[in-house]
Amino acid sequence: MAEPRTEASPGKRAGVALAATGALCLAVAALAGDAAYPWLKAGHVIAVISWMAGMLYLPRLFIYHCGAAPGSETSETFKVMEQRLLRVIINPAMVVTWALGLWLAWRGGHFSAGWLHAKLALVLALSGVHGFFSAAVRRFAEDRNTLTARQWRIWNEVPTVLMIGIVLLVVVKPF
Ligand code: HEM
């Protein structure tokens, strides 16, 4: 009897694409020397977009999850969506963003620049929010969430505000 065909989910495909982008960037860095800089900057921006997409969508899922009764089919569906989004997109995207960002800072000689210090402070804050969201995914999975939908709405804005500051610092480089 023929085995049923299992299609990779869109989340898994996106995760594979992100891992391939990271691997490609490392290969470019190893092979292309100075010419690698703009290519790896492009890889950094692709990873940033993926990280931010997840960081903006995850708290939105938490808001809807708050309205689902624990144990209901809807609540169980949200748990799967949250865990997949975190594992397949958000976590790998953060690793690629950090790896390429630090490489750009080293290769471009930016480590003494004031804008980079300020940017790193905001990126560390963003990484802290990432850790907090990651813990929330575990709490939702065990039906132990304590925040209200309104509180999650406020948390939903935090990555946006940090992202605006980070992009202004790296593009405008005001100091
Ligand atoms: C994780 C630590 C990070 C480090 C160490 C880092 C560092 C860097 C460096 C050194 C550049 C190249 C700047 C240049 O060539 O002028 C860069 C580019 C960029 N970064 Fe990051 N970055 C990090 C995370 C982020 C995050 C979280 C975001 C957005 C939320 C971001 C957004 C950008 C953008 C948009 C560019 C392109 C800027 C341009 O070409 O004008 N970075 N980053």
# chains A, B, ... in the order shown; residues from 1 in each chain; ligands from 1
>>> closest_atom_pairs(of="chain A", to="ligand 1", cutoff="7 Å", atoms="only C-alpha atoms and all ligand atoms", output="tab-separated table")
residue	atom	partner	partner_atom_place_in_ligand_line	distance
A:Lys41	CA	ligand 1	18 (C)	5.9
A:His44	CA	ligand 1	20 (N)	6.6
A:Val45	CA	ligand 1	34 (C)	5.5
A:Val48	CA	ligand 1	28 (C)	5.3
A:Met52	CA	ligand 1	30 (C)	6.6
A:Thr97	CA	ligand 1	1 (C)	5.3
A:Trp98	CA	ligand 1	1 (C)	3.6
A:Gly101	CA	ligand 1	6 (C)	3.5
A:Leu102	CA	ligand 1	5 (C)	4.0
A:Leu104	CA	ligand 1	10 (C)	4.3
A:Ala105	CA	ligand 1	10 (C)	3.5
A:Gly108	CA	ligand 1	10 (C)	6.5
A:His110	CA	ligand 1	10 (C)	6.0
A:Leu116	CA	ligand 1	7 (C)	6.9
A:Leu120	CA	ligand 1	2 (C)	6.0
A:Val123	CA	ligand 1	27 (C)	5.2
A:Met163	CA	ligand 1	30 (C)	4.3
A:Ile166	CA	ligand 1	29 (C)	5.5
A:Val167	CA	ligand 1	32 (C)	5.2
A:Val170	CA	ligand 1	38 (C)	5.4
A:Val171	CA	ligand 1	41 (O)	4.2
>>> write_last_selection(atoms="N, CA and C atoms", output="mmCIF file, in the first residue's frame")
data_model
loop_
_atom_site.group_PDB
_atom_site.id
_atom_site.type_symbol
_atom_site.label_atom_id
_atom_site.label_comp_id
_atom_site.auth_asym_id
_atom_site.auth_seq_id
_atom_site.Cartn_x
_atom_site.Cartn_y
_atom_site.Cartn_z
ATOM 1 N N LYS A 41 25.159 41.769 4.745
ATOM 2 C CA LYS A 41 24.236 42.783 5.277
ATOM 3 C C LYS A 41 22.813 42.444 4.799
ATOM 4 N N HIS A 44 21.588 39.698 6.898
ATOM 5 C CA HIS A 44 21.235 40.234 8.217
ATOM 6 C C HIS A 44 19.828 40.843 8.159
ATOM 7 N N VAL A 45 19.551 41.633 7.120
ATOM 8 C CA VAL A 45 18.233 42.290 7.021
ATOM 9 C C VAL A 45 17.124 41.239 6.820
ATOM 10 N N VAL A 48 16.541 39.773 10.164
ATOM 11 C CA VAL A 48 15.855 40.763 11.011
ATOM 12 C C VAL A 48 14.347 40.779 10.690
ATOM 13 N N MET A 52 11.490 39.897 13.368
ATOM 14 C CA MET A 52 10.466 40.879 13.729
ATOM 15 C C MET A 52 9.070 40.393 13.373
ATOM 16 N N THR A 97 20.389 36.673 12.978
ATOM 17 C CA THR A 97 20.514 38.137 13.124
ATOM 18 C C THR A 97 21.743 38.499 13.958
ATOM 19 N N TRP A 98 21.893 37.831 15.115
ATOM 20 C CA TRP A 98 23.027 38.123 16.004
ATOM 21 C C TRP A 98 24.345 37.763 15.326
ATOM 22 N N GLY A 101 25.017 40.168 12.460
ATOM 23 C CA GLY A 101 25.185 41.533 12.985
ATOM 24 C C GLY A 101 26.565 41.699 13.611
ATOM 25 N N LEU A 102 26.979 40.708 14.425
ATOM 26 C CA LEU A 102 28.300 40.802 15.065
ATOM 27 C C LEU A 102 29.409 40.716 14.018
ATOM 28 N N LEU A 104 29.190 41.776 10.891
ATOM 29 C CA LEU A 104 29.210 43.081 10.203
ATOM 30 C C LEU A 104 29.941 44.126 11.057
ATOM 31 N N ALA A 105 29.654 44.092 12.379
ATOM 32 C CA ALA A 105 30.270 45.070 13.286
ATOM 33 C C ALA A 105 31.786 44.881 13.306
ATOM 34 N N GLY A 108 33.213 45.612 9.607
ATOM 35 C CA GLY A 108 33.107 47.026 9.229
ATOM 36 C C GLY A 108 33.840 47.942 10.195
ATOM 37 N N HIS A 110 32.969 48.714 13.290
ATOM 38 C CA HIS A 110 31.967 49.604 13.912
ATOM 39 C C HIS A 110 31.950 49.525 15.438
ATOM 40 N N LEU A 116 26.380 52.095 17.454
ATOM 41 C CA LEU A 116 26.332 50.635 17.619
ATOM 42 C C LEU A 116 26.123 50.275 19.087
ATOM 43 N N LEU A 120 23.094 48.109 20.244
ATOM 44 C CA LEU A 120 23.262 46.848 20.970
ATOM 45 C C LEU A 120 22.420 46.833 22.244
ATOM 46 N N VAL A 123 18.984 46.085 21.122
ATOM 47 C CA VAL A 123 18.861 44.693 20.647
ATOM 48 C C VAL A 123 18.884 43.728 21.843
ATOM 49 N N MET A 163 12.165 48.171 17.661
ATOM 50 C CA MET A 163 12.580 48.069 16.255
ATOM 51 C C MET A 163 12.766 49.456 15.636
ATOM 52 N N ILE A 166 16.037 50.863 16.848
ATOM 53 C CA ILE A 166 17.191 50.145 16.284
ATOM 54 C C ILE A 166 17.430 50.573 14.832
ATOM 55 N N VAL A 167 16.359 50.624 14.042
ATOM 56 C CA VAL A 167 16.514 50.969 12.608
ATOM 57 C C VAL A 167 16.983 52.420 12.464
ATOM 58 N N VAL A 170 20.796 52.545 13.236
ATOM 59 C CA VAL A 170 21.732 51.961 12.260
ATOM 60 C C VAL A 170 21.669 52.675 10.911
ATOM 61 N N VAL A 171 20.522 53.252 10.553
ATOM 62 C CA VAL A 171 20.425 53.921 9.243
ATOM 63 C C VAL A 171 20.904 55.373 9.348
#
>>> residues_around(residues="Leu85 (chain A)", least_positions_apart="6", cutoff="10 Å", atoms="only C-alpha atoms", output="VMD selection string")
chain A and resid 11 to 12 15 53 to 55 57 to 58 79 91 137
>>> atom_distance(atom1="CA of Arg139 (chain A)", atom2="CA of Phe62 (chain A)")
10.8 Å
>>> residues_around(residues="Gly71 (chain A)", least_positions_apart="5", cutoff="12 Å", atoms="only C-alpha atoms", output="PyMOL selection string")
chain A and resi 65+76-79+140-144
>>> closest_residue(among="A:Ala113, A:Ala93, A:Cys66, A:Ala136", to="Val16 (chain A)", atoms="only C-alpha atoms")
A:Ala93
>>> select_by_dssp(residues="region 27-91 of chain A", states="alpha helix (DSSP H)", output="ChimeraX atom specification")
/A:27-32,36-66,73-84,91
>>> write_last_selection(atoms="N, CA and C atoms", output="short mmCIF file (atom, residue, chain, number, x, y, z; two decimals), in the first residue's frame")
data_model
loop_
_atom_site.label_atom_id
_atom_site.label_comp_id
_atom_site.auth_asym_id
_atom_site.auth_seq_id
_atom_site.Cartn_x
_atom_site.Cartn_y
_atom_site.Cartn_z
N ALA A 27 29.02 30.78 3.92
CA ALA A 27 29.85 30.37 2.79
C ALA A 27 30.38 31.60 2.06
N VAL A 28 29.51 32.61 1.87
CA VAL A 28 29.93 33.85 1.19
C VAL A 28 31.05 34.53 2.00
N ALA A 29 30.87 34.56 3.35
CA ALA A 29 31.89 35.19 4.20
C ALA A 29 33.23 34.49 4.05
N ALA A 30 33.20 33.16 3.99
CA ALA A 30 34.44 32.39 3.92
C ALA A 30 35.11 32.57 2.55
N LEU A 31 34.31 32.66 1.49
CA LEU A 31 34.88 32.63 0.14
C LEU A 31 35.16 34.01 -0.45
N ALA A 32 34.33 35.01 -0.09
CA ALA A 32 34.36 36.25 -0.88
C ALA A 32 35.15 37.41 -0.25
N ALA A 36 32.09 40.25 0.53
CA ALA A 36 30.99 39.56 1.24
C ALA A 36 30.11 40.55 2.01
N TYR A 37 30.69 41.74 2.36
CA TYR A 37 29.98 42.65 3.28
C TYR A 37 28.53 42.96 2.87
N PRO A 38 28.30 43.48 1.63
CA PRO A 38 26.90 43.81 1.28
C PRO A 38 25.99 42.57 1.22
N TRP A 39 26.56 41.42 0.85
CA TRP A 39 25.75 40.20 0.80
C TRP A 39 25.32 39.77 2.19
N LEU A 40 26.26 39.88 3.13
CA LEU A 40 25.92 39.46 4.49
C LEU A 40 25.03 40.50 5.17
N LYS A 41 25.16 41.77 4.75
CA LYS A 41 24.24 42.78 5.28
C LYS A 41 22.81 42.44 4.80
N ALA A 42 22.71 42.01 3.53
CA ALA A 42 21.39 41.60 3.02
C ALA A 42 20.86 40.41 3.82
N GLY A 43 21.74 39.44 4.12
CA GLY A 43 21.33 38.27 4.92
C GLY A 43 20.87 38.71 6.30
N HIS A 44 21.59 39.70 6.90
CA HIS A 44 21.23 40.23 8.22
C HIS A 44 19.83 40.84 8.16
N VAL A 45 19.55 41.63 7.12
CA VAL A 45 18.23 42.29 7.02
C VAL A 45 17.12 41.24 6.82
N ILE A 46 17.41 40.19 6.03
CA ILE A 46 16.41 39.11 5.83
C ILE A 46 16.10 38.44 7.18
N ALA A 47 17.16 38.16 7.96
CA ALA A 47 16.96 37.52 9.27
C ALA A 47 16.20 38.46 10.21
N VAL A 48 16.54 39.77 10.16
CA VAL A 48 15.85 40.76 11.01
C VAL A 48 14.35 40.78 10.69
N ILE A 49 14.03 40.78 9.39
CA ILE A 49 12.61 40.81 8.99
C ILE A 49 11.89 39.58 9.53
N SER A 50 12.53 38.39 9.43
CA SER A 50 11.90 37.16 9.92
C SER A 50 11.72 37.21 11.44
N TRP A 51 12.76 37.68 12.14
CA TRP A 51 12.68 37.78 13.60
C TRP A 51 11.53 38.70 14.00
N MET A 52 11.49 39.90 13.37
CA MET A 52 10.47 40.88 13.73
C MET A 52 9.07 40.39 13.37
N ALA A 53 8.93 39.71 12.22
CA ALA A 53 7.60 39.19 11.83
C ALA A 53 7.08 38.30 12.95
N GLY A 54 7.96 37.40 13.45
CA GLY A 54 7.54 36.50 14.53
C GLY A 54 7.28 37.23 15.83
N MET A 55 8.15 38.21 16.16
CA MET A 55 8.00 38.93 17.42
C MET A 55 6.75 39.82 17.43
N LEU A 56 6.27 40.20 16.23
CA LEU A 56 5.04 41.01 16.18
C LEU A 56 3.81 40.11 16.17
N TYR A 57 3.94 38.90 15.60
CA TYR A 57 2.77 38.02 15.46
C TYR A 57 2.50 37.20 16.74
N LEU A 58 3.59 36.80 17.44
CA LEU A 58 3.41 35.92 18.62
C LEU A 58 2.51 36.53 19.70
N PRO A 59 2.76 37.80 20.13
CA PRO A 59 1.86 38.36 21.15
C PRO A 59 0.43 38.53 20.64
N ARG A 60 0.27 38.69 19.32
CA ARG A 60 -1.09 38.76 18.75
C ARG A 60 -1.80 37.40 18.95
N LEU A 61 -1.04 36.30 18.77
CA LEU A 61 -1.61 34.97 19.04
C LEU A 61 -1.98 34.84 20.52
N PHE A 62 -1.11 35.41 21.42
CA PHE A 62 -1.42 35.34 22.86
C PHE A 62 -2.74 36.05 23.16
N ILE A 63 -2.96 37.20 22.47
CA ILE A 63 -4.20 37.97 22.72
C ILE A 63 -5.41 37.09 22.38
N TYR A 64 -5.38 36.44 21.20
CA TYR A 64 -6.51 35.58 20.81
C TYR A 64 -6.60 34.37 21.73
N HIS A 65 -5.42 33.83 22.14
CA HIS A 65 -5.39 32.63 22.99
C HIS A 65 -6.09 32.90 24.33
N CYS A 66 -5.96 34.13 24.83
CA CYS A 66 -6.60 34.49 26.11
C CYS A 66 -8.11 34.28 26.05
N GLU A 73 -10.56 22.94 21.78
CA GLU A 73 -9.81 22.66 20.54
C GLU A 73 -9.07 23.91 20.07
N THR A 74 -9.74 25.08 20.20
CA THR A 74 -9.11 26.33 19.77
C THR A 74 -7.83 26.60 20.56
N SER A 75 -7.90 26.38 21.88
CA SER A 75 -6.74 26.63 22.73
C SER A 75 -5.59 25.70 22.32
N GLU A 76 -5.91 24.44 22.05
CA GLU A 76 -4.85 23.48 21.66
C GLU A 76 -4.23 23.89 20.33
N THR A 77 -5.08 24.42 19.40
CA THR A 77 -4.55 24.87 18.10
C THR A 77 -3.59 26.04 18.30
N PHE A 78 -3.96 26.99 19.18
CA PHE A 78 -3.07 28.14 19.44
C PHE A 78 -1.73 27.66 19.99
N LYS A 79 -1.78 26.64 20.87
CA LYS A 79 -0.51 26.14 21.46
C LYS A 79 0.43 25.66 20.36
N VAL A 80 -0.13 24.88 19.40
CA VAL A 80 0.71 24.36 18.31
C VAL A 80 1.27 25.52 17.48
N MET A 81 0.39 26.50 17.16
CA MET A 81 0.84 27.65 16.35
C MET A 81 1.96 28.42 17.04
N GLU A 82 1.79 28.65 18.35
CA GLU A 82 2.79 29.43 19.10
C GLU A 82 4.13 28.69 19.17
N GLN A 83 4.06 27.37 19.46
CA GLN A 83 5.31 26.61 19.59
C GLN A 83 6.05 26.53 18.26
N ARG A 84 5.29 26.31 17.17
CA ARG A 84 5.95 26.22 15.85
C ARG A 84 6.56 27.56 15.45
N ASN A 91 13.26 31.67 16.88
CA ASN A 91 14.56 31.32 17.46
C ASN A 91 15.68 31.30 16.41
#
>>> closest_residue(among="A:Val161, A:Leu147, A:Ile154, A:Trp106", to="Ala125 (chain A)", atoms="only C-alpha atoms")
A:Val161
>>> closest_residue(among="A:Ala19, A:Leu169, A:Cys25, A:Ile89", to="Gly114 (chain A)", atoms="only C-alpha atoms")
A:Leu169
>>> atom_distance(atom1="CA of His130 (chain A)", atom2="CA of Met94 (chain A)")
8.8 Å
>>> atom_distance(atom1="CA of Ser134 (chain A)", atom2="CA of Leu86 (chain A)")
7.1 Å
